[in-house]
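As stored in upload_13.cif (mmCIF, C-alpha atoms and all ligand atoms):
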```cif
data_query
loop_
_atom_site.label_atom_id
_atom_site.label_comp_id
_atom_site.auth_asym_id
_atom_site.auth_seq_id
_atom_site.Cartn_x
_atom_site.Cartn_y
_atom_site.Cartn_z
CA MET A 6 -7.45 43.18 -14.86
CA LYS A 7 -8.58 39.53 -14.70
CA PRO A 8 -11.91 38.76 -12.98
CA PRO A 9 -11.34 37.14 -9.55
CA SER A 10 -12.65 33.75 -10.70
CA GLU A 11 -9.93 33.52 -13.37
CA GLU A 12 -7.27 34.55 -10.90
CA ALA A 13 -8.38 31.85 -8.50
CA ALA A 14 -8.13 29.28 -11.29
CA ALA A 15 -4.53 30.18 -12.13
CA PRO A 16 -2.20 27.21 -11.58
CA ALA A 17 -0.54 27.21 -8.19
CA PRO A 18 3.27 27.51 -8.14
CA ALA A 19 5.12 24.18 -8.06
CA SER A 20 6.16 24.58 -4.41
CA ALA A 21 2.52 25.06 -3.33
CA ALA A 22 1.56 21.88 -5.20
CA LEU A 23 3.93 19.97 -2.93
CA THR A 24 2.72 21.43 0.35
CA PRO A 25 0.65 18.86 2.22
CA PRO A 26 -2.58 19.92 3.97
CA ALA A 27 -2.68 20.58 7.71
CA SER A 28 -4.62 17.41 8.49
CA VAL A 29 -3.09 14.26 7.03
CA PRO A 30 -4.30 10.66 7.15
CA ARG A 31 -2.46 8.45 9.63
CA HIS A 32 -2.42 5.54 7.20
CA VAL A 33 -2.31 5.70 3.40
CA ALA A 34 -2.71 2.52 1.34
CA ILE A 35 -1.97 2.41 -2.38
CA ILE A 36 -2.97 -0.04 -5.10
CA MET A 37 -0.10 0.66 -7.49
CA ASP A 38 -1.67 -0.22 -10.84
CA GLY A 39 -1.00 0.46 -14.53
CA ASN A 40 2.68 -0.47 -15.00
CA GLY A 41 1.90 -2.85 -17.86
CA ARG A 42 -0.25 -0.33 -19.75
CA TRP A 43 2.39 2.36 -19.20
CA ALA A 44 5.02 0.15 -20.84
CA ARG A 45 2.75 -1.05 -23.65
CA GLY A 46 1.91 2.57 -24.44
CA ARG A 47 5.62 3.03 -25.12
CA GLY A 48 5.92 -0.11 -27.21
CA GLN A 49 7.86 -1.85 -24.42
CA GLU A 50 7.54 -5.06 -22.41
CA ARG A 51 5.47 -4.93 -19.21
CA LEU A 52 8.58 -5.30 -17.06
CA PHE A 53 9.80 -1.94 -18.33
CA GLY A 54 6.76 -0.43 -16.59
CA HIS A 55 7.49 -2.30 -13.36
CA GLU A 56 11.05 -0.99 -13.46
CA HIS A 57 9.81 2.59 -13.74
CA GLY A 58 7.25 2.04 -11.00
CA ALA A 59 10.12 1.98 -8.50
CA SER A 60 10.63 5.74 -8.78
CA SER A 61 6.96 6.33 -7.94
CA VAL A 62 7.41 4.13 -4.88
CA ARG A 63 10.35 6.26 -3.76
CA ALA A 64 8.40 9.48 -4.41
CA CYS A 65 5.45 8.27 -2.32
CA ILE A 66 7.66 7.16 0.57
CA GLU A 67 9.31 10.56 0.57
CA GLY A 68 5.99 12.41 0.21
CA CYS A 69 4.34 10.48 3.02
CA ALA A 70 7.34 10.91 5.33
CA GLU A 71 7.43 14.66 4.67
CA ALA A 72 3.67 15.04 5.17
CA GLY A 73 3.76 13.24 8.52
CA VAL A 74 1.81 10.14 7.42
CA GLU A 75 2.58 7.38 9.95
CA PHE A 76 1.85 4.27 7.86
CA LEU A 77 2.08 3.65 4.13
CA THR A 78 0.94 0.27 2.78
CA LEU A 79 1.85 -0.54 -0.82
CA TYR A 80 0.14 -3.35 -2.73
CA ALA A 81 3.20 -4.63 -4.54
CA PHE A 82 2.22 -8.21 -5.47
CA SER A 83 -1.04 -10.06 -4.95
CA GLN A 84 -1.49 -13.78 -4.46
CA GLU A 85 -3.41 -13.73 -7.76
CA ASN A 86 -0.41 -12.14 -9.50
CA TRP A 87 1.37 -15.54 -9.35
CA SER A 88 -0.88 -16.49 -12.29
CA ARG A 89 0.96 -14.03 -14.58
CA PRO A 90 3.49 -15.27 -17.17
CA LYS A 91 6.53 -16.87 -15.50
CA LEU A 92 8.91 -14.34 -17.00
CA GLU A 93 6.96 -11.37 -15.62
CA VAL A 94 6.71 -12.94 -12.15
CA ALA A 95 10.44 -13.75 -12.10
CA GLY A 96 11.24 -10.21 -13.26
CA LEU A 97 9.05 -8.72 -10.52
CA MET A 98 10.86 -10.78 -7.87
CA VAL A 99 14.23 -9.63 -9.17
CA LEU A 100 13.01 -6.02 -9.08
CA LEU A 101 11.73 -6.44 -5.54
CA GLU A 102 15.08 -7.77 -4.40
CA LYS A 103 16.94 -4.99 -6.18
CA PHE A 104 14.61 -2.35 -4.73
CA LEU A 105 15.27 -3.60 -1.21
CA ARG A 106 19.02 -3.85 -1.74
CA ASP A 107 19.33 -0.40 -3.32
CA ASN A 108 16.97 1.48 -1.02
CA THR A 109 17.47 0.06 2.46
CA PRO A 110 20.35 2.42 3.37
CA GLU A 111 18.20 5.40 2.34
CA LEU A 112 15.15 4.09 4.19
CA LYS A 113 17.30 3.87 7.30
CA GLU A 114 18.69 7.34 6.74
CA LYS A 115 15.14 8.69 6.37
CA ASN A 116 14.06 6.88 9.55
CA VAL A 117 11.59 4.66 7.62
CA ARG A 118 10.75 1.30 9.20
CA LEU A 119 10.03 -1.47 6.71
CA GLN A 120 7.40 -4.15 7.36
CA ALA A 121 5.68 -6.70 5.12
CA ILE A 122 2.31 -8.48 5.05
CA GLY A 123 1.11 -11.45 3.01
CA ARG A 124 2.14 -15.06 2.49
CA LEU A 125 5.81 -14.10 2.61
CA THR A 126 7.01 -17.71 2.55
CA ASP A 127 5.67 -17.93 -1.05
CA LEU A 128 8.45 -15.57 -2.14
CA PRO A 129 11.73 -16.95 -3.54
CA ALA A 130 14.29 -17.62 -0.79
CA SER A 131 16.61 -14.84 -1.95
CA CYS A 132 13.72 -12.33 -1.81
CA GLN A 133 12.81 -13.47 1.69
CA ARG A 134 16.42 -13.03 2.78
CA GLU A 135 16.63 -9.51 1.36
CA LEU A 136 13.27 -8.63 2.88
CA ASN A 137 14.25 -9.92 6.31
CA HIS A 138 17.53 -8.06 6.09
CA SER A 139 15.72 -4.76 5.26
CA ILE A 140 13.16 -5.31 8.03
CA GLU A 141 15.91 -5.96 10.57
CA ALA A 142 18.06 -3.08 9.34
CA THR A 143 15.20 -0.59 9.74
CA ALA A 144 13.64 -2.08 12.89
CA GLY A 145 14.82 0.79 15.06
CA CYS A 146 13.46 3.53 12.77
CA THR A 147 10.75 5.66 14.34
CA GLY A 148 9.41 7.69 11.40
CA LEU A 149 7.13 6.42 8.63
CA THR A 150 6.26 2.70 8.70
CA LEU A 151 6.33 1.33 5.16
CA ILE A 152 4.34 -1.90 4.77
CA LEU A 153 4.80 -3.93 1.59
CA ALA A 154 1.91 -6.24 0.72
CA LEU A 155 3.57 -9.23 -0.98
CA SER A 156 1.85 -12.40 -2.15
CA TYR A 157 -1.07 -10.74 -0.40
CA SER A 158 -4.73 -11.69 -0.61
CA GLY A 159 -7.41 -10.11 1.57
CA ARG A 160 -9.51 -13.28 1.58
CA THR A 161 -6.53 -15.46 2.52
CA GLU A 162 -5.72 -13.03 5.32
CA VAL A 163 -9.26 -13.35 6.71
CA ILE A 164 -9.08 -17.17 6.50
CA ASP A 165 -5.66 -17.14 8.21
CA GLY A 166 -7.18 -14.90 10.89
CA ILE A 167 -10.04 -17.35 11.47
CA LYS A 168 -7.58 -20.26 11.75
CA SER A 169 -5.52 -18.30 14.27
CA LEU A 170 -8.64 -17.56 16.33
CA LEU A 171 -9.66 -21.24 16.24
CA ARG A 172 -6.22 -22.25 17.53
CA GLU A 173 -6.57 -19.85 20.46
CA ILE A 174 -10.02 -21.28 21.25
CA GLU A 175 -8.73 -24.87 21.03
CA GLN A 176 -5.87 -24.04 23.37
CA GLY A 177 -8.35 -22.49 25.79
CA HIS A 178 -6.84 -18.98 25.62
CA ILE A 179 -10.13 -17.38 24.56
CA ASP A 180 -13.81 -18.20 24.57
CA LYS A 181 -15.77 -17.88 21.34
CA ALA A 182 -18.21 -15.54 23.05
CA MET A 183 -15.36 -13.04 23.33
CA ILE A 184 -14.94 -12.70 19.55
CA ASN A 185 -15.73 -9.23 18.25
CA PRO A 186 -14.36 -7.04 15.43
CA GLU A 187 -11.57 -5.59 17.60
CA MET A 188 -10.40 -9.01 18.64
CA PHE A 189 -10.59 -10.38 15.10
CA SER A 190 -8.46 -7.44 13.88
CA LYS A 191 -5.75 -8.65 16.24
CA HIS A 192 -5.56 -11.93 14.30
CA LEU A 193 -4.91 -10.31 10.92
CA TYR A 194 -1.52 -9.64 9.29
CA THR A 195 -2.18 -5.94 10.00
CA ARG A 196 -2.66 -6.36 13.76
CA TYR A 197 0.09 -3.86 14.58
CA TYR A 198 -1.25 -1.08 12.35
CA PRO A 199 -4.32 1.15 12.35
CA ASP A 200 -6.81 0.75 9.47
CA PRO A 201 -6.05 2.81 6.35
CA ASP A 202 -7.69 6.24 6.26
CA LEU A 203 -7.01 6.88 2.59
CA LEU A 204 -6.92 4.28 -0.19
CA ILE A 205 -5.42 5.40 -3.48
CA ARG A 206 -5.66 3.42 -6.72
CA THR A 207 -3.90 4.47 -9.91
CA SER A 208 -4.83 3.64 -13.53
CA GLY A 209 -8.52 4.46 -13.16
CA GLU A 210 -9.84 1.07 -12.03
CA PHE A 211 -12.61 1.21 -9.41
CA ARG A 212 -11.94 -2.08 -7.65
CA LEU A 213 -10.21 -3.47 -4.59
CA SER A 214 -8.61 -6.51 -6.26
CA ASN A 215 -8.61 -8.39 -2.94
CA PHE A 216 -6.69 -5.68 -1.04
CA LEU A 217 -7.22 -5.16 2.71
CA LEU A 218 -10.88 -6.20 2.48
CA TRP A 219 -11.48 -6.06 6.23
CA GLN A 220 -9.39 -2.96 6.95
CA VAL A 221 -10.79 -0.51 4.37
CA SER A 222 -14.36 -0.57 5.72
CA TYR A 223 -14.24 3.19 6.40
CA ALA A 224 -11.28 4.26 4.26
CA GLU A 225 -11.72 7.18 1.86
CA PHE A 226 -11.18 6.13 -1.76
CA TYR A 227 -9.17 8.18 -4.23
CA VAL A 228 -8.93 6.90 -7.80
CA THR A 229 -6.74 8.61 -10.38
CA LYS A 230 -6.41 7.80 -14.09
CA LYS A 231 -2.66 8.31 -13.88
CA LEU A 232 -0.71 5.10 -14.42
CA TRP A 233 1.59 4.14 -11.53
CA PRO A 234 4.94 5.07 -13.17
CA ASP A 235 3.53 8.58 -13.80
CA PHE A 236 2.33 9.04 -10.20
CA GLY A 237 4.69 11.38 -8.36
CA LYS A 238 4.95 13.35 -5.16
CA ALA A 239 2.68 16.13 -6.43
CA ASP A 240 -0.01 13.53 -7.22
CA LEU A 241 0.28 12.10 -3.72
CA VAL A 242 -0.03 15.56 -2.20
CA GLU A 243 -3.10 16.21 -4.39
CA ALA A 244 -4.69 13.04 -2.97
CA LEU A 245 -3.85 14.20 0.56
CA HIS A 246 -5.55 17.53 -0.15
CA GLU A 247 -8.65 15.81 -1.48
CA TYR A 248 -8.70 13.61 1.64
CA ALA A 249 -8.53 16.70 3.84
CA GLN A 250 -11.79 17.92 2.22
CA ARG A 251 -13.70 14.71 2.94
CA GLN A 252 -16.17 14.49 5.78
CA ARG A 253 -15.94 11.10 7.44
CA ARG A 254 -19.17 10.12 9.14
CA TYR A 255 -18.75 6.44 10.08
CA GLY A 256 -22.47 5.88 9.70
CA GLY A 257 -23.36 8.89 11.85
CA VAL A 258 -24.77 12.23 10.71
CA GLY A 259 -21.58 14.31 10.82
CA GLU A 260 -21.24 17.64 12.58
C1 LIG B 1 0.67 -3.10 -11.23
O1 LIG B 1 0.70 -2.91 -12.60
C2 LIG B 1 1.84 -3.91 -10.72
C3 LIG B 1 1.49 -5.26 -10.26
C4 LIG B 1 0.28 -5.75 -10.21
C5 LIG B 1 2.58 -6.11 -9.84
P1 LIG B 1 0.11 -3.99 -13.60
O2 LIG B 1 1.19 -4.94 -13.95
O3 LIG B 1 -1.11 -4.60 -13.06
O4 LIG B 1 -0.22 -3.08 -14.86
P2 LIG B 1 -1.53 -3.12 -15.75
O5 LIG B 1 -2.69 -2.98 -14.83
O6 LIG B 1 -1.53 -4.44 -16.47
O7 LIG B 1 -1.39 -1.96 -16.67
C1 LIG B 2 -3.75 -5.22 -8.06
O1 LIG B 2 -3.49 -4.98 -9.40
C2 LIG B 2 -2.52 -5.86 -7.45
C3 LIG B 2 -1.39 -4.97 -7.25
C4 LIG B 2 -1.38 -3.70 -7.50
C5 LIG B 2 -0.21 -5.60 -6.71
P1 LIG B 2 -3.93 -6.05 -10.52
O2 LIG B 2 -3.53 -5.45 -11.82
O3 LIG B 2 -3.37 -7.37 -10.19
O4 LIG B 2 -5.50 -6.10 -10.35
P2 LIG B 2 -6.63 -6.46 -11.42
O5 LIG B 2 -6.22 -7.74 -12.07
O6 LIG B 2 -6.67 -5.33 -12.40
O7 LIG B 2 -7.88 -6.53 -10.63
MG MG B 3 -3.07 -4.11 -13.15
#
```

Re-express the file's structure as structure tokens.
Amino acid sequence: MKPPSEEAAAPAPASAALTPPASVPRHVAIIMDGNGRWARGRGQERLFGHEHGASSVRACIEGCAEAGVEFLTLYAFSQENWSRPKLEVAGLMVLLEKFLRDNTPELKEKNVRLQAIGRLTDLPASCQRELNHSIEATAGCTGLTLILALSYSGRTEVIDGIKSLLREIEQGHIDKAMINPEMFSKHLYTRYYPDPDLLIRTSGEFRLSNFLLWQVSYAEFYVTKKLWPDFGKADLVEALHEYAQRQRRYGGVGE
């Protein structure tokens, strides 16, 4: 007979690996990184990795919806990503459009409401049209809210928030003495959503890359070496389990 420690270490059956924990984060945010390296590792162009990243996106939407996560924010394209080679940027925009076109009926069917944050007017007109169409088509959905961060920059968002506050002051709607963190949050792109509880980054990089700088102040970080196209539902569920073990103290002493 095996000693108990060895038995405990035996791999769990596949179905158990996909069972989410009892307590799930309300809001999961993901920095989907490593598409380029995934493709290069296969001797392919970077866009090949972006293409394959779409199936990880679908897996995470499904996993979050099944687990009862309320909000999922995906960092799909940063403002800094415009500096990439023209061909890669154009390819990413085509993929975004195709993703929206192909997946909107299923999002609707799964009761997923699509939203977007970032400088959306920077996107090509055809992308904006497809995005608006998907947002409108899923507006009545009451399950998971999927938020795509597109042409997004955390610093730009904070600056836009300050400008919006200044306008309100100029118009006499608020007094500057009333400004506090809660009020400022209401001037950010994310004003309708709670702050992320869990922030996942794939490809092993320990950095924020200008993502949700204000909102992640008390988020739990989970970094995995897996490259984004290899990240599946079981990996998401593993992150949810790790999150369930964390003790969040918010500067206090815990229980
Ligand atoms: C993430 O993968 C996708 C986007 C930033 C659009 P990358 O394209 O950054 O892949 P790596 O990090 O170069 O491997
Ligand atoms: C962050 O990934 C942006 C997205 C995932 C959209 P990057 O690949 O752009 O970040 P850096 O350059 O490694 O910091
Ligand atoms: Mg990257």

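One distance worth recording is that between atom CA of A:Thr147 and atom CA of A:Leu119, which is 10.5 Å.
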
Kindly work out which residues sit at most 8 Å from ligand LIG 1 (chain B), using all atoms listed in the file, and give the list as a ChimeraX atom specification. /A:36-44,51,54-55,80-83,86,97,208,232-233

Using the file's own x, y and z axes, what box holds all listed atoms of stretch 88-93 of chain A with 4 Å on each side, keeping edges along x, y and z, and what are its centre and edge lengths in Å to one decimal, as JSON?
```
{"center_x": 4.0, "center_y": -14.1, "center_z": -14.7, "size_x": 17.8, "size_y": 13.5, "size_z": 12.9}
```

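The spacing separating atom CA of A:Phe76 from atom CA of A:Thr195 amounts to 11.2 Å.
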
What's the 10 Å shell around A:Pro199, counting all atoms listed in the file, without same-chain residues fewer than 6 positions away, as number ranges by chain? A: 31-32, 75-76, 190, 220

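Counting only C-alpha atoms and all ligand atoms, the residue from A:Pro186, A:Gly58, A:Gly96, A:Pro26 that sits nearest to ligand LIG 2 (chain B) is A:Gly58.
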
Could you check how far atom O1 of ligand LIG 2 (chain B) sits from atom CA of A:Leu213, in Å to one decimal? 8.4 Å

Tell me, as a list in words, which residues lie within 8 Å of A:Thr143, counting all atoms listed in the file; anything in the same chain fewer than 4 positions away does not count. Thr109, Leu112, Lys113, Asn116, Val117, Arg118, Leu119 and Ser139 of chain A

Cut-off 12 Å around (-1.5, 16.7, -7.2) with all atoms listed in the file: residues as a ChimeraX atom specification: /A:16-26,65,68,227,229,231,235-248

Dump of C-alpha atoms for the selected residues, as a compact mmCIF listing (two decimals), in the frame of the given file:
```
# COMPACT_ATOMS: atom_id res chain seq x y z
CA PRO A 16 -2.20 27.21 -11.58
CA ALA A 17 -0.54 27.21 -8.19
CA PRO A 18 3.27 27.51 -8.14
CA ALA A 19 5.12 24.18 -8.06
CA SER A 20 6.16 24.58 -4.41
CA ALA A 21 2.52 25.06 -3.33
CA ALA A 22 1.56 21.88 -5.20
CA LEU A 23 3.93 19.97 -2.93
CA THR A 24 2.72 21.43 0.35
CA PRO A 25 0.65 18.86 2.22
CA PRO A 26 -2.58 19.92 3.97
CA CYS A 65 5.45 8.27 -2.32
CA GLY A 68 5.99 12.41 0.21
CA TYR A 227 -9.17 8.18 -4.23
CA THR A 229 -6.74 8.61 -10.38
CA LYS A 231 -2.66 8.31 -13.88
CA ASP A 235 3.53 8.58 -13.80
CA PHE A 236 2.33 9.04 -10.20
CA GLY A 237 4.69 11.38 -8.36
CA LYS A 238 4.95 13.35 -5.16
CA ALA A 239 2.68 16.13 -6.43
CA ASP A 240 -0.01 13.53 -7.22
CA LEU A 241 0.28 12.10 -3.72
CA VAL A 242 -0.03 15.56 -2.20
CA GLU A 243 -3.10 16.21 -4.39
CA ALA A 244 -4.69 13.04 -2.97
CA LEU A 245 -3.85 14.20 0.56
CA HIS A 246 -5.55 17.53 -0.15
CA GLU A 247 -8.65 15.81 -1.48
CA TYR A 248 -8.70 13.61 1.64
```

Please provide as a PyMOL selection string all residues within 10 Å of A:Ile66, with the sequence filter that same-chain residues fewer than 3 positions apart are discarded (counting only C-alpha atoms). chain A and resi 60-63+69-72+74+76-79+112+115+117+149-151+238+241

Nearest candidate to A:Leu125 (options A:Leu170, A:Cys146, A:Leu155, A:Leu101; using all atoms listed in the file):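 The answer is A:Leu155, which sits nearest to A:Leu125.
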
Identify which of the residues A:Glu56, A:Glu85, A:Glu114, A:Asp107 lies closest to ligand LIG 2 (chain B), counting all atoms listed in the file when measuring atom-to-atom distances.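 Among the listed residues, the smallest separation from ligand LIG 2 (chain B) belongs to A:Glu85.
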
Residue contacts of A:Leu105 (9 Å, only C-alpha atoms) excluding same-chain residues fewer than 5 positions away, as a PDB file with C-alpha atoms, keeping the file's coordinate frame:
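What landed in out_26.pdb:
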```pdb
ATOM      1  CA  LEU A 100      13.010  -6.020  -9.080  1.00  0.00           C
ATOM      2  CA  CYS A 132      13.720 -12.330  -1.810  1.00  0.00           C
ATOM      3  CA  GLU A 135      16.630  -9.510   1.360  1.00  0.00           C
ATOM      4  CA  LEU A 136      13.270  -8.630   2.880  1.00  0.00           C
ATOM      5  CA  HIS A 138      17.530  -8.060   6.090  1.00  0.00           C
ATOM      6  CA  SER A 139      15.720  -4.760   5.260  1.00  0.00           C
TER       7      SER A 139
END
```

Between A:Phe189, A:Phe104, A:Tyr197, A:Phe211, which has the minimum distance to ligand MG 3 (chain B) (counting all atoms listed in the file)?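 Distance minimum relative to ligand MG 3 (chain B) lands on A:Phe211.
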
If we count all atoms listed in the file, what is near A:Ser158 at a cut-off of 9 Å, once residues fewer than 6 positions away on the same chain are taken out, given as a JSON list (two decimals) with C-alpha atoms, in the coordinates of the input?
```
[["chain", "number", "residue", "atom", "x", "y", "z"],
["A", 83, "SER", "CA", -1.04, -10.06, -4.95],
["A", 84, "GLN", "CA", -1.49, -13.78, -4.46],
["A", 85, "GLU", "CA", -3.41, -13.73, -7.76],
["A", 123, "GLY", "CA", 1.11, -11.45, 3.01],
["A", 124, "ARG", "CA", 2.14, -15.06, 2.49],
["A", 214, "SER", "CA", -8.61, -6.51, -6.26],
["A", 215, "ASN", "CA", -8.61, -8.39, -2.94],
["A", 216, "PHE", "CA", -6.69, -5.68, -1.04],
["A", 217, "LEU", "CA", -7.22, -5.16, 2.71],
["A", 218, "LEU", "CA", -10.88, -6.20, 2.48]]
```

Given the block above, output stretch 72-116 of chain A with C-alpha atoms as a short mmCIF file (atom, residue, chain, number, x, y, z; two decimals), in the first residue's frame.
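part.cif, freshly written:
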```cif
data_model
loop_
_atom_site.label_atom_id
_atom_site.label_comp_id
_atom_site.auth_asym_id
_atom_site.auth_seq_id
_atom_site.Cartn_x
_atom_site.Cartn_y
_atom_site.Cartn_z
CA ALA A 72 -17.53 29.44 -11.96
CA GLY A 73 -19.89 32.34 -11.28
CA VAL A 74 -17.33 35.13 -11.81
CA GLU A 75 -19.30 38.34 -12.47
CA PHE A 76 -16.70 40.39 -14.38
CA LEU A 77 -13.82 39.33 -16.62
CA THR A 78 -11.51 42.02 -18.00
CA LEU A 79 -9.12 40.99 -20.77
CA TYR A 80 -6.13 43.13 -21.72
CA ALA A 81 -6.35 42.63 -25.46
CA PHE A 82 -4.43 45.63 -26.85
CA SER A 83 -2.54 48.37 -25.05
CA GLN A 84 -2.02 51.93 -26.23
CA GLU A 85 1.70 51.07 -26.34
CA ASN A 86 0.97 48.13 -28.66
CA TRP A 87 0.35 50.63 -31.51
CA SER A 88 4.16 50.88 -31.68
CA ARG A 89 4.42 47.30 -32.98
CA PRO A 90 5.12 46.59 -36.68
CA LYS A 91 2.25 47.79 -38.90
CA LEU A 92 1.55 44.31 -40.19
CA GLU A 93 1.15 42.86 -36.69
CA VAL A 94 -1.14 45.71 -35.59
CA ALA A 95 -3.29 45.37 -38.72
CA GLY A 96 -3.47 41.60 -38.21
CA LEU A 97 -4.54 42.05 -34.58
CA MET A 98 -7.34 44.42 -35.63
CA VAL A 99 -8.57 41.92 -38.22
CA LEU A 100 -8.51 39.18 -35.58
CA LEU A 101 -10.43 41.36 -33.13
CA GLU A 102 -13.11 42.03 -35.71
CA LYS A 103 -13.32 38.36 -36.64
CA PHE A 104 -13.49 37.33 -32.98
CA LEU A 105 -16.42 39.67 -32.37
CA ARG A 106 -18.23 38.60 -35.54
CA ASP A 107 -17.76 34.88 -34.90
CA ASN A 108 -18.45 34.87 -31.16
CA THR A 109 -21.22 37.38 -30.55
CA PRO A 110 -24.07 34.89 -31.15
CA GLU A 111 -22.47 32.49 -28.64
CA LEU A 112 -21.85 35.25 -26.11
CA LYS A 113 -25.53 36.10 -26.33
CA GLU A 114 -26.53 32.48 -26.01
CA LYS A 115 -24.32 32.16 -22.90
CA ASN A 116 -25.84 35.34 -21.44
#
```
